[in-house]
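Asker: One structure follows; several queries about it will come next.
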Amino acid sequence: MSQAKTLFDKIWESHVVVNEPGSPSVLYIDLHLVHEVTSPQAFSGLRQKGLRVRRPDRTVATMDHGIPTRNLVNSDQLSVNGGQWVIQDAMAAKQLKQLETNCRDFDVPLYGMDSPNRGIVHVIGPELGLTQPGKTIVCGDSHTSTHGAFGALAFGIGTSEVEHVLATQTLLQYRPKTYRVNFAGALPPGVTAKDMILALIAKIGVGGGTGHVFEYTGTAVSQLSMEGRMTLCNMSIEGGGRAGMVAPDDTTFEYIAGREFVPKGAAWEQAIAQWRALPSDEGAAYDKEVTIGVDELEPMITYGTNPGMGMGISTAVPDPAAEADLSKRASLQKALDYMNLPPGKPLLGHPVDVVFVGSCTNSRISDLRQAAALIDGRKVAASTRMLVVPGSEEVRRQAEAEGLHHIFMAAGAEWRSAGCSMCIAMNGDQLQPGQYAVSTSNRNFEGRQGAGGRTFLASPLTAVASAVHGQVTDPRVMMSQ
């Protein structure tokens with residue numbers, strides 16, 4: 001009788017080209033996603049070695065990190081679709097131009113500034129049907145784990161690894177361990193996939209999954225939409241995981257059916273049959289397991305300077321003096337000093353200067369629908385600025401077709417074009433020193449959203465509630481009104 005295997009085991013083992021004892025495995029890569037930030041040095045390396053891209057047909061590039069999300073006019077304009085786009089960051093402008101050159105020289109498909117399919121790499125991959133179950137997917141970006149929501153093995157790689165994949169379509173990797181995360185129960189109203197992943201990271205810490213691939217299971221996961229599953233997998237790296245995965249099911253197949261790069265006709269039926277064999281076998285063993293009950297889960301929010309410093313929105317900021325571990329105590333105190341927060345008090349009611357709804361974590365159409373439904377008929381507080389940035393131009397078009405942009409603008413929010421935007425403080429979309437933001441992005445590091453800026457990570461619902469009240473607010477209060 002064959003040994004029961006996990007979802008990870010099946011994908012890993014079917015992609016190993018060479019596996020010599022004591023050495024990293026040579027892993028075949030099905031899809032290599034490329035953007036402008038981590039690819040320039042990799043393409044330069046190919047030129048210096050006289051190499052070509054091994055499989056341009058399995059390589060896809062897009063512009064996302066450095067692109068502006070609003071069109072203005074000044075002396076450094078870049079004309080796109082009749083609009084004038086301002087790239088305020090000189091390095092970003094250089095990277096974007098270099099990506100165009102590199103993709104042209106190496107025959108790599110590019111969704112550039114003038115493409116209607118442009119957007120954040122982890123949004124357009126699933127949107128176009130490039131992301132499929134059973135694939136190995138890499139990108140020079142840590143949040144590549146997003147694609148694992150489809151039952152793929154997807155993870156971020158470094159610049160030297162980007163070059164290696166471009167040249168060989170393979171990657172040297174040591175086999176990670178497996179970590180089953182079981183989310184049991186049903187989500188209460190006002191609690192989302194973002195709250196689930198923040199709760200996990202708060203429980204295990206930012207290093208809890210180091211050396212492991214998470215597989216998210218349980219009733220709460222199976223009931224999530226594909227977009228919720230993407231949010232869950234997106235932040236796997238923030239818990240130390242190498243990747244995050246959800247087994248493919250009918251929800252997966254319904255989402256990707258008919259998309260541009262998905263098999264059609266008889267090939268689709270054959271693919272479905274193969275994908276149905278991917279979920280973990282009954283009795284498959286994991287190296288680690290944890291169960292989180294979601295029935296009593298409340299909206300989560302971070303208070304510190306890493307995603308593991310999170311708590312239920314109604315609870316109090318922890319006191320470093322109560323931490324027995326001296327190292328953890330010092331880390332917590334340093335974080336609270338930076339955030340200028342007193343211990344032992346709740347975040348509820350804390351003033352908020354900026355609210356950001358966007359990023360590869362929460363910028364899909366369901367996120368925008370959720371945010372629009374809560375803010376409809378209400379106004380952003382006069383003391384607060386709110387930016388809404390869709391994850392792709394397709395998401396923007398869909399949102400505008402549904403009139404969501406009118407709802408946001410009527411509320412006083414800024415409606416933008418697609419891009420990474422404030423998640424990485426690009427092109428003027430950033431916090432000023434000392435400002436506080438409630439952000440739907442994935443990282444709250446010191447200065448992540450602007451030098452001296454302070455970030456509270458939360459769901460789109462919590463972000464909207466905080467924007468309307470101008471202070472950290474439990475969205476359930478507004479949902480019951």
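Identifiers in this document derive from the order of the structure tokens: chains are assigned A, B, ..., residues are numbered from 1 separately in each chain, and ligands are numbered from 1 in order of occurrence.
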As a list in words, please: the residues near region 386-398 of chain A (cut-off 7 Å, only C-alpha atoms, same-chain neighbours under 2 positions excluded).
Answerer: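 Contacts, in chain order: Pro116, Asn117, Arg118, Gly119, Ile120, Val123, Ile124, Val354, Val355, Phe356, Val357, Gly358, Ser359, Cys360, Ser363, Arg364, Ile365, Thr384, Glu400, Ala401, Glu402, Ala413, Glu414, Trp415, Arg416, Ser417, Ala418, Gly419 and Ala467 of chain A.
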Asker: Write to file, as a compact mmCIF listing (two decimals), in the first residue's frame, the residues of the selection just made, with N, CA and C atoms.
Answerer:
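Generated file (selection_0.txt):
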# COMPACT_ATOMS: atom_id res chain seq x y z
N PRO A 116 -4.14 46.64 -20.81
CA PRO A 116 -5.39 46.59 -20.03
C PRO A 116 -5.38 45.48 -18.98
N ASN A 117 -4.40 44.59 -19.08
CA ASN A 117 -4.30 43.49 -18.11
C ASN A 117 -3.23 43.73 -17.05
N ARG A 118 -2.70 44.95 -17.02
CA ARG A 118 -1.66 45.27 -16.04
C ARG A 118 -2.22 45.25 -14.63
N GLY A 119 -1.35 44.94 -13.67
CA GLY A 119 -1.76 44.97 -12.28
C GLY A 119 -0.73 44.32 -11.38
N ILE A 120 -1.04 44.22 -10.12
CA ILE A 120 -0.14 43.57 -9.17
C ILE A 120 0.03 42.12 -9.59
N VAL A 123 -2.20 39.47 -8.36
CA VAL A 123 -3.61 39.63 -8.69
C VAL A 123 -3.86 39.17 -10.12
N ILE A 124 -2.99 39.57 -11.05
CA ILE A 124 -3.24 39.23 -12.44
C ILE A 124 -2.95 37.76 -12.75
N VAL A 354 -4.64 58.12 8.01
CA VAL A 354 -4.77 57.61 6.64
C VAL A 354 -5.33 56.20 6.68
N VAL A 355 -6.18 55.89 5.72
CA VAL A 355 -6.67 54.52 5.54
C VAL A 355 -6.34 54.09 4.13
N PHE A 356 -5.75 52.90 4.00
CA PHE A 356 -5.37 52.37 2.69
C PHE A 356 -6.07 51.04 2.46
N VAL A 357 -6.87 50.99 1.41
CA VAL A 357 -7.50 49.73 0.98
C VAL A 357 -6.86 49.35 -0.34
N GLY A 358 -6.08 48.28 -0.33
CA GLY A 358 -5.36 47.86 -1.52
C GLY A 358 -4.31 46.83 -1.17
N SER A 359 -3.32 46.64 -2.07
CA SER A 359 -2.19 45.71 -1.95
C SER A 359 -2.56 44.32 -2.46
N CYS A 360 -1.55 43.47 -2.62
CA CYS A 360 -1.80 42.11 -3.11
C CYS A 360 -2.57 41.27 -2.10
N SER A 363 -6.99 43.69 -2.47
CA SER A 363 -7.33 44.68 -3.50
C SER A 363 -8.17 44.07 -4.61
N ARG A 364 -8.77 42.91 -4.34
CA ARG A 364 -9.56 42.24 -5.36
C ARG A 364 -11.00 42.74 -5.33
N ILE A 365 -11.78 42.32 -6.31
CA ILE A 365 -13.12 42.89 -6.45
C ILE A 365 -13.98 42.60 -5.22
N THR A 384 -9.28 62.39 8.24
CA THR A 384 -8.67 61.18 7.70
C THR A 384 -8.66 61.19 6.18
N GLU A 400 -15.72 49.81 -11.48
CA GLU A 400 -16.36 50.98 -12.07
C GLU A 400 -17.65 50.59 -12.79
N ALA A 401 -17.67 49.40 -13.41
CA ALA A 401 -18.89 48.93 -14.06
C ALA A 401 -20.01 48.73 -13.03
N GLU A 402 -19.62 48.39 -11.80
CA GLU A 402 -20.60 48.19 -10.73
C GLU A 402 -20.89 49.47 -9.97
N ALA A 413 -13.32 59.33 -0.46
CA ALA A 413 -12.10 58.54 -0.64
C ALA A 413 -11.48 58.84 -2.00
N GLU A 414 -10.19 58.59 -2.13
CA GLU A 414 -9.48 58.74 -3.40
C GLU A 414 -9.57 57.42 -4.16
N TRP A 415 -10.03 57.47 -5.39
CA TRP A 415 -10.14 56.28 -6.24
C TRP A 415 -8.98 56.28 -7.23
N ARG A 416 -8.21 55.21 -7.26
CA ARG A 416 -6.98 55.18 -8.03
C ARG A 416 -6.99 54.09 -9.11
N SER A 417 -5.95 54.09 -9.94
CA SER A 417 -5.69 52.99 -10.86
C SER A 417 -4.87 51.93 -10.13
N ALA A 418 -4.62 50.81 -10.81
CA ALA A 418 -4.00 49.65 -10.16
C ALA A 418 -2.52 49.85 -9.86
N GLY A 419 -2.06 49.26 -8.77
CA GLY A 419 -0.65 49.26 -8.42
C GLY A 419 -0.43 48.93 -6.96
N ALA A 467 -11.97 54.63 8.79
CA ALA A 467 -11.98 55.83 7.94
C ALA A 467 -13.18 56.70 8.24
Asker: Give the strand (DSSP E or B) residues of region 243-424 of chain A, as assigned by DSSP on the backbone, as a list in words.
Answerer: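 In region 243-424 of chain A, DSSP puts these residues in strand (DSSP E or B): Ala243, Gly244, Met245, Lys288, Glu289, Val290, Thr291, Ile292, Gly293, Met300, Ile301, Thr302, Gly310, Met311, Gly312, Ala316, Pro346, Pro351, Val354, Val355, Phe356, Val357, Arg385, Met386, Leu387, Val388, Ser392, Glu414 and Trp415 of chain A.
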Asker: Write out as a PyMOL selection string which residues come within 12 Å of Ala411 (chain A) when counting only C-alpha atoms, dropping same-chain ones fewer than 3 positions away.
Answerer: chain A and resi 371-382+384-388+404-408+414-415+464+467-468
Asker: Could you list, with a cut-off of 9 Å and counting only C-alpha atoms, the residues of region 210-286 of chain A near region 294-308 of chain A, each shown with its nearest atom pair and the distance in Å rounded to one decimal, rows sorted by chain and ascending number, as JSON lines?
Answerer:
{"residue": "A:Ala220", "atom": "CA", "partner": "A:Val294", "partner_atom": "CA", "distance": 7.4}
{"residue": "A:Met235", "atom": "CA", "partner": "A:Pro307", "partner_atom": "CA", "distance": 9.0}
{"residue": "A:Glu238", "atom": "CA", "partner": "A:Pro307", "partner_atom": "CA", "distance": 6.4}
{"residue": "A:Gly239", "atom": "CA", "partner": "A:Gly308", "partner_atom": "CA", "distance": 7.3}
Asker: With N, CA and C atoms retained, write the just-selected residues as a compact mmCIF listing (two decimals), in the first residue's frame.
Answerer:
# COMPACT_ATOMS: atom_id res chain seq x y z
N ALA A 220 -13.74 26.42 7.98
CA ALA A 220 -13.69 27.85 7.69
C ALA A 220 -12.96 28.14 6.39
N MET A 235 -0.28 36.01 3.19
CA MET A 235 0.54 36.40 4.34
C MET A 235 1.25 35.23 5.01
N GLU A 238 4.57 35.98 6.32
CA GLU A 238 4.61 36.79 7.54
C GLU A 238 4.60 35.92 8.79
N GLY A 239 4.20 34.66 8.64
CA GLY A 239 4.28 33.71 9.74
C GLY A 239 5.50 32.82 9.63
Asker: Taking the DSSP secondary structure from the backbone, can you list the residues of region 278-467 of chain A that are helix (DSSP H, G or I), as an MDAnalysis selection string?
Answerer: chainID A and resid 320:322 326:339 365:375 393:401 404:411 421:424 460:467
Asker: Keeping only C-alpha atoms, take the residues you just selected and write them out as a short mmCIF file (atom, residue, chain, number, x, y, z; two decimals), in the first residue's frame.
Answerer:
data_model
loop_
_atom_site.label_atom_id
_atom_site.label_comp_id
_atom_site.auth_asym_id
_atom_site.auth_seq_id
_atom_site.Cartn_x
_atom_site.Cartn_y
_atom_site.Cartn_z
CA PRO A 320 6.14 44.54 28.05
CA ALA A 321 6.51 44.28 31.82
CA ALA A 322 4.32 41.17 31.74
CA LEU A 326 13.77 39.42 28.14
CA SER A 327 14.35 39.40 24.40
CA LYS A 328 10.62 39.48 23.62
CA ARG A 329 10.14 42.16 26.27
CA ALA A 330 12.76 44.38 24.64
CA SER A 331 11.31 43.79 21.18
CA LEU A 332 7.80 44.67 22.36
CA GLN A 333 8.99 47.79 24.16
CA LYS A 334 10.90 48.93 21.07
CA ALA A 335 7.79 48.45 18.95
CA LEU A 336 5.53 50.37 21.33
CA ASP A 337 8.08 53.18 21.53
CA TYR A 338 8.07 53.47 17.74
CA MET A 339 4.28 53.28 17.56
CA ILE A 365 -13.12 42.89 -6.45
CA SER A 366 -14.64 41.15 -3.41
CA ASP A 367 -12.54 43.34 -1.10
CA LEU A 368 -13.75 46.46 -2.88
CA ARG A 369 -17.36 45.31 -2.86
CA GLN A 370 -17.13 44.63 0.86
CA ALA A 371 -15.58 48.03 1.53
CA ALA A 372 -18.07 49.85 -0.71
CA ALA A 373 -21.06 48.18 0.92
CA LEU A 374 -19.97 49.39 4.36
CA ILE A 375 -19.08 52.95 3.35
CA GLU A 393 -6.90 47.28 -14.22
CA GLU A 394 -9.45 44.49 -14.67
CA VAL A 395 -10.51 44.89 -11.04
CA ARG A 396 -10.74 48.65 -11.58
CA ARG A 397 -12.91 48.22 -14.67
CA GLN A 398 -15.17 45.75 -12.92
CA ALA A 399 -15.51 48.00 -9.88
CA GLU A 400 -16.36 50.98 -12.07
CA ALA A 401 -18.89 48.93 -14.06
CA LEU A 404 -18.19 51.16 -6.69
CA HIS A 405 -15.91 54.06 -7.56
CA HIS A 406 -18.84 56.46 -7.27
CA ILE A 407 -19.56 55.14 -3.77
CA PHE A 408 -15.95 55.63 -2.68
CA MET A 409 -15.64 59.09 -4.19
CA ALA A 410 -18.99 60.20 -2.80
CA ALA A 411 -17.69 59.19 0.63
CA SER A 421 0.88 52.09 -4.09
CA MET A 422 0.96 52.80 -0.36
CA CYS A 423 1.87 49.24 0.58
CA ILE A 424 5.45 50.16 -0.28
CA PRO A 460 -11.10 46.08 4.58
CA LEU A 461 -14.10 46.19 6.93
CA THR A 462 -12.02 47.50 9.83
CA ALA A 463 -10.27 49.93 7.49
CA VAL A 464 -13.58 51.40 6.28
CA ALA A 465 -15.02 51.66 9.78
CA SER A 466 -11.87 53.47 10.92
CA ALA A 467 -11.98 55.83 7.94
#
Asker: Neighbours of region 147-162 of chain A within 6 Å (only C-alpha atoms; same-chain residues fewer than 5 positions away dropped), as a compact mmCIF listing (two decimals) with all heavy atoms, in the first residue's frame?
Answerer:
# COMPACT_ATOMS: atom_id res chain seq x y z
N THR A 38 12.96 43.18 -8.86
CA THR A 38 13.97 42.14 -8.59
C THR A 38 14.54 41.50 -9.85
O THR A 38 15.33 40.57 -9.77
CB THR A 38 13.36 41.03 -7.72
OG1 THR A 38 12.18 40.52 -8.36
CG2 THR A 38 13.02 41.54 -6.34
N PRO A 133 -3.88 24.83 -10.33
CA PRO A 133 -3.53 23.79 -9.36
C PRO A 133 -2.38 22.92 -9.86
O PRO A 133 -2.23 22.68 -11.06
CB PRO A 133 -4.82 22.97 -9.26
CG PRO A 133 -5.91 23.92 -9.63
CD PRO A 133 -5.31 24.79 -10.70
N GLY A 134 -1.57 22.48 -8.90
CA GLY A 134 -0.50 21.55 -9.21
C GLY A 134 0.77 22.17 -9.76
O GLY A 134 1.77 21.48 -9.95
N LYS A 135 0.75 23.46 -10.03
CA LYS A 135 1.92 24.12 -10.60
C LYS A 135 2.94 24.50 -9.53
O LYS A 135 2.59 24.73 -8.37
CB LYS A 135 1.52 25.39 -11.34
CG LYS A 135 0.93 25.18 -12.73
CD LYS A 135 0.79 26.51 -13.46
CE LYS A 135 0.36 26.33 -14.90
NZ LYS A 135 0.32 27.62 -15.63
N THR A 136 4.19 24.60 -9.95
CA THR A 136 5.21 25.28 -9.16
C THR A 136 5.33 26.68 -9.74
O THR A 136 5.49 26.85 -10.95
CB THR A 136 6.57 24.57 -9.22
OG1 THR A 136 6.90 24.30 -10.60
CG2 THR A 136 6.54 23.26 -8.45
N ILE A 137 5.23 27.68 -8.87
CA ILE A 137 5.22 29.08 -9.30
C ILE A 137 6.20 29.86 -8.44
O ILE A 137 6.18 29.76 -7.21
CB ILE A 137 3.82 29.68 -9.16
CG1 ILE A 137 2.80 28.87 -9.97
CG2 ILE A 137 3.81 31.15 -9.58
CD1 ILE A 137 1.36 29.30 -9.76
N VAL A 138 7.06 30.65 -9.07
CA VAL A 138 7.99 31.48 -8.33
C VAL A 138 7.97 32.90 -8.86
O VAL A 138 7.56 33.15 -10.00
CB VAL A 138 9.44 30.93 -8.39
CG1 VAL A 138 9.53 29.56 -7.74
CG2 VAL A 138 9.95 30.88 -9.83
N CYS A 139 8.42 33.82 -8.03
CA CYS A 139 8.52 35.23 -8.40
C CYS A 139 9.49 35.87 -7.42
O CYS A 139 9.58 35.44 -6.26
CB CYS A 139 7.15 35.90 -8.32
SG CYS A 139 7.15 37.68 -8.64
N GLY A 140 10.19 36.89 -7.88
CA GLY A 140 11.09 37.62 -6.99
C GLY A 140 10.31 38.54 -6.08
O GLY A 140 10.54 39.75 -6.06
N ASP A 141 9.40 37.97 -5.31
CA ASP A 141 8.53 38.72 -4.43
C ASP A 141 8.05 37.78 -3.33
O ASP A 141 7.57 36.67 -3.62
CB ASP A 141 7.33 39.27 -5.22
CG ASP A 141 6.48 40.21 -4.38
OD1 ASP A 141 5.71 39.72 -3.54
OD2 ASP A 141 6.59 41.43 -4.57
N SER A 142 8.14 38.21 -2.09
CA SER A 142 7.87 37.32 -0.96
C SER A 142 6.42 36.89 -0.87
O SER A 142 6.11 35.86 -0.25
CB SER A 142 8.30 37.99 0.35
OG SER A 142 7.66 39.23 0.51
N ARG A 229 -9.26 32.91 0.12
CA ARG A 229 -8.14 31.96 0.22
C ARG A 229 -6.83 32.60 -0.21
O ARG A 229 -5.77 32.33 0.36
CB ARG A 229 -8.43 30.72 -0.63
CG ARG A 229 -9.65 29.92 -0.16
CD ARG A 229 -9.94 28.74 -1.08
NE ARG A 229 -11.22 28.13 -0.76
CZ ARG A 229 -11.68 27.02 -1.32
NH1 ARG A 229 -10.94 26.39 -2.25
NH2 ARG A 229 -12.86 26.52 -0.98
N MET A 230 -6.91 33.48 -1.22
CA MET A 230 -5.70 34.19 -1.64
C MET A 230 -5.19 35.11 -0.53
O MET A 230 -3.98 35.21 -0.30
CB MET A 230 -5.97 34.97 -2.92
CG MET A 230 -5.98 34.11 -4.16
SD MET A 230 -6.13 35.08 -5.69
CE MET A 230 -7.88 34.98 -6.00
N CYS A 233 -3.42 32.85 2.02
CA CYS A 233 -2.11 32.36 1.59
C CYS A 233 -1.11 33.50 1.42
O CYS A 233 0.10 33.31 1.62
CB CYS A 233 -2.24 31.60 0.28
SG CYS A 233 -3.05 29.99 0.43
N ALA A 243 5.73 28.81 2.09
CA ALA A 243 4.59 28.94 1.19
C ALA A 243 3.32 28.63 1.98
O ALA A 243 3.38 28.14 3.12
CB ALA A 243 4.73 27.99 0.00
N GLY A 244 2.18 28.91 1.36
CA GLY A 244 0.89 28.55 1.92
C GLY A 244 0.06 27.90 0.84
O GLY A 244 0.15 28.29 -0.33
N MET A 245 -0.74 26.91 1.20
CA MET A 245 -1.50 26.17 0.19
C MET A 245 -2.90 25.85 0.69
O MET A 245 -3.11 25.66 1.89
CB MET A 245 -0.79 24.85 -0.15
CG MET A 245 0.68 24.99 -0.51
SD MET A 245 1.48 23.38 -0.77
CE MET A 245 0.89 22.99 -2.41
N VAL A 246 -3.83 25.78 -0.26
CA VAL A 246 -5.18 25.29 0.00
C VAL A 246 -5.49 24.27 -1.08
O VAL A 246 -5.23 24.52 -2.27
CB VAL A 246 -6.23 26.42 -0.04
CG1 VAL A 246 -7.63 25.84 0.14
CG2 VAL A 246 -5.94 27.46 1.03
N ALA A 247 -6.02 23.13 -0.71
CA ALA A 247 -6.32 22.09 -1.69
C ALA A 247 -7.37 22.57 -2.67
O ALA A 247 -8.37 23.19 -2.29
CB ALA A 247 -6.79 20.82 -0.99
N PRO A 248 -7.20 22.27 -3.96
CA PRO A 248 -8.20 22.69 -4.95
C PRO A 248 -9.50 21.91 -4.81
O PRO A 248 -9.50 20.73 -4.45
CB PRO A 248 -7.51 22.38 -6.29
CG PRO A 248 -6.55 21.27 -5.97
CD PRO A 248 -6.07 21.54 -4.57
Asker: Determine the nearest neighbour of Ala92 (chain A) from the options A:Pro189, A:Thr6, A:Asp249, A:Asn427, counting only C-alpha atoms.
Answerer: A:Asn427
Asker: Find the spatial neighbours of region 216-218 of chain A, counting only C-alpha atoms, within a cut-off of 7 Å - ignore same-chain residues fewer than 4 positions away - and output them as a PyMOL selection string.
Answerer: chain A and resi 180-184+222+245-246
Asker: What is the CA of Asn444 (chain A) to CA of Gly66 (chain A) distance in Å?
Answerer: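 For CA of Asn444 (chain A) relative to CA of Gly66 (chain A), the distance reads 19.1 Å.
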Asker: By how many Å are CA of Gly412 (chain A) and CA of Tyr436 (chain A) apart?
Answerer: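 CA of Gly412 (chain A) sits 18.5 Å away from CA of Tyr436 (chain A).
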Asker: To one decimal place in Å, what is the distance between CA of Val213 (chain A) and CA of Leu27 (chain A)?
Answerer: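 These two atoms are separated by 15.6 Å.
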Asker: Which residues, written as a PDB file with N, CA, C and O atoms, in the first residue's frame, have at least one atom at most 12 Å from Lys49 (chain A), with only C-alpha atoms counted and residues fewer than 4 positions away on the same chain left out?
Answerer:
ATOM      1  N   ALA A  42      19.071  40.261 -12.679  1.00  0.00           N
ATOM      2  CA  ALA A  42      18.986  38.912 -13.236  1.00  0.00           C
ATOM      3  C   ALA A  42      19.168  38.932 -14.751  1.00  0.00           C
ATOM      4  O   ALA A  42      19.916  38.124 -15.328  1.00  0.00           O
ATOM      5  N   PHE A  43      18.502  39.860 -15.424  1.00  0.00           N
ATOM      6  CA  PHE A  43      18.656  39.963 -16.870  1.00  0.00           C
ATOM      7  C   PHE A  43      20.072  40.415 -17.235  1.00  0.00           C
ATOM      8  O   PHE A  43      20.625  39.963 -18.250  1.00  0.00           O
ATOM      9  N   SER A  44      20.650  41.276 -16.412  1.00  0.00           N
ATOM     10  CA  SER A  44      22.043  41.699 -16.660  1.00  0.00           C
ATOM     11  C   SER A  44      22.979  40.504 -16.592  1.00  0.00           C
ATOM     12  O   SER A  44      23.923  40.378 -17.387  1.00  0.00           O
ATOM     13  N   GLY A  45      22.703  39.618 -15.629  1.00  0.00           N
ATOM     14  CA  GLY A  45      23.517  38.404 -15.503  1.00  0.00           C
ATOM     15  C   GLY A  45      23.423  37.524 -16.735  1.00  0.00           C
ATOM     16  O   GLY A  45      24.431  36.946 -17.184  1.00  0.00           O
ATOM     17  N   VAL A  53      16.643  33.424 -22.108  1.00  0.00           N
ATOM     18  CA  VAL A  53      15.626  32.902 -21.194  1.00  0.00           C
ATOM     19  C   VAL A  53      15.238  31.519 -21.709  1.00  0.00           C
ATOM     20  O   VAL A  53      14.878  31.354 -22.878  1.00  0.00           O
ATOM     21  N   GLU A 163      17.568  34.881 -11.771  1.00  0.00           N
ATOM     22  CA  GLU A 163      18.452  34.644 -12.916  1.00  0.00           C
ATOM     23  C   GLU A 163      18.543  33.150 -13.231  1.00  0.00           C
ATOM     24  O   GLU A 163      18.502  32.740 -14.397  1.00  0.00           O
ATOM     25  N   HIS A 164      18.661  32.326 -12.191  1.00  0.00           N
ATOM     26  CA  HIS A 164      18.790  30.882 -12.384  1.00  0.00           C
ATOM     27  C   HIS A 164      17.549  30.303 -13.055  1.00  0.00           C
ATOM     28  O   HIS A 164      17.647  29.473 -13.966  1.00  0.00           O
ATOM     29  N   ALA A 167      17.335  31.290 -16.716  1.00  0.00           N
ATOM     30  CA  ALA A 167      18.304  30.580 -17.558  1.00  0.00           C
ATOM     31  C   ALA A 167      18.010  29.095 -17.702  1.00  0.00           C
ATOM     32  O   ALA A 167      18.324  28.490 -18.739  1.00  0.00           O
TER      33      ALA A 167
END
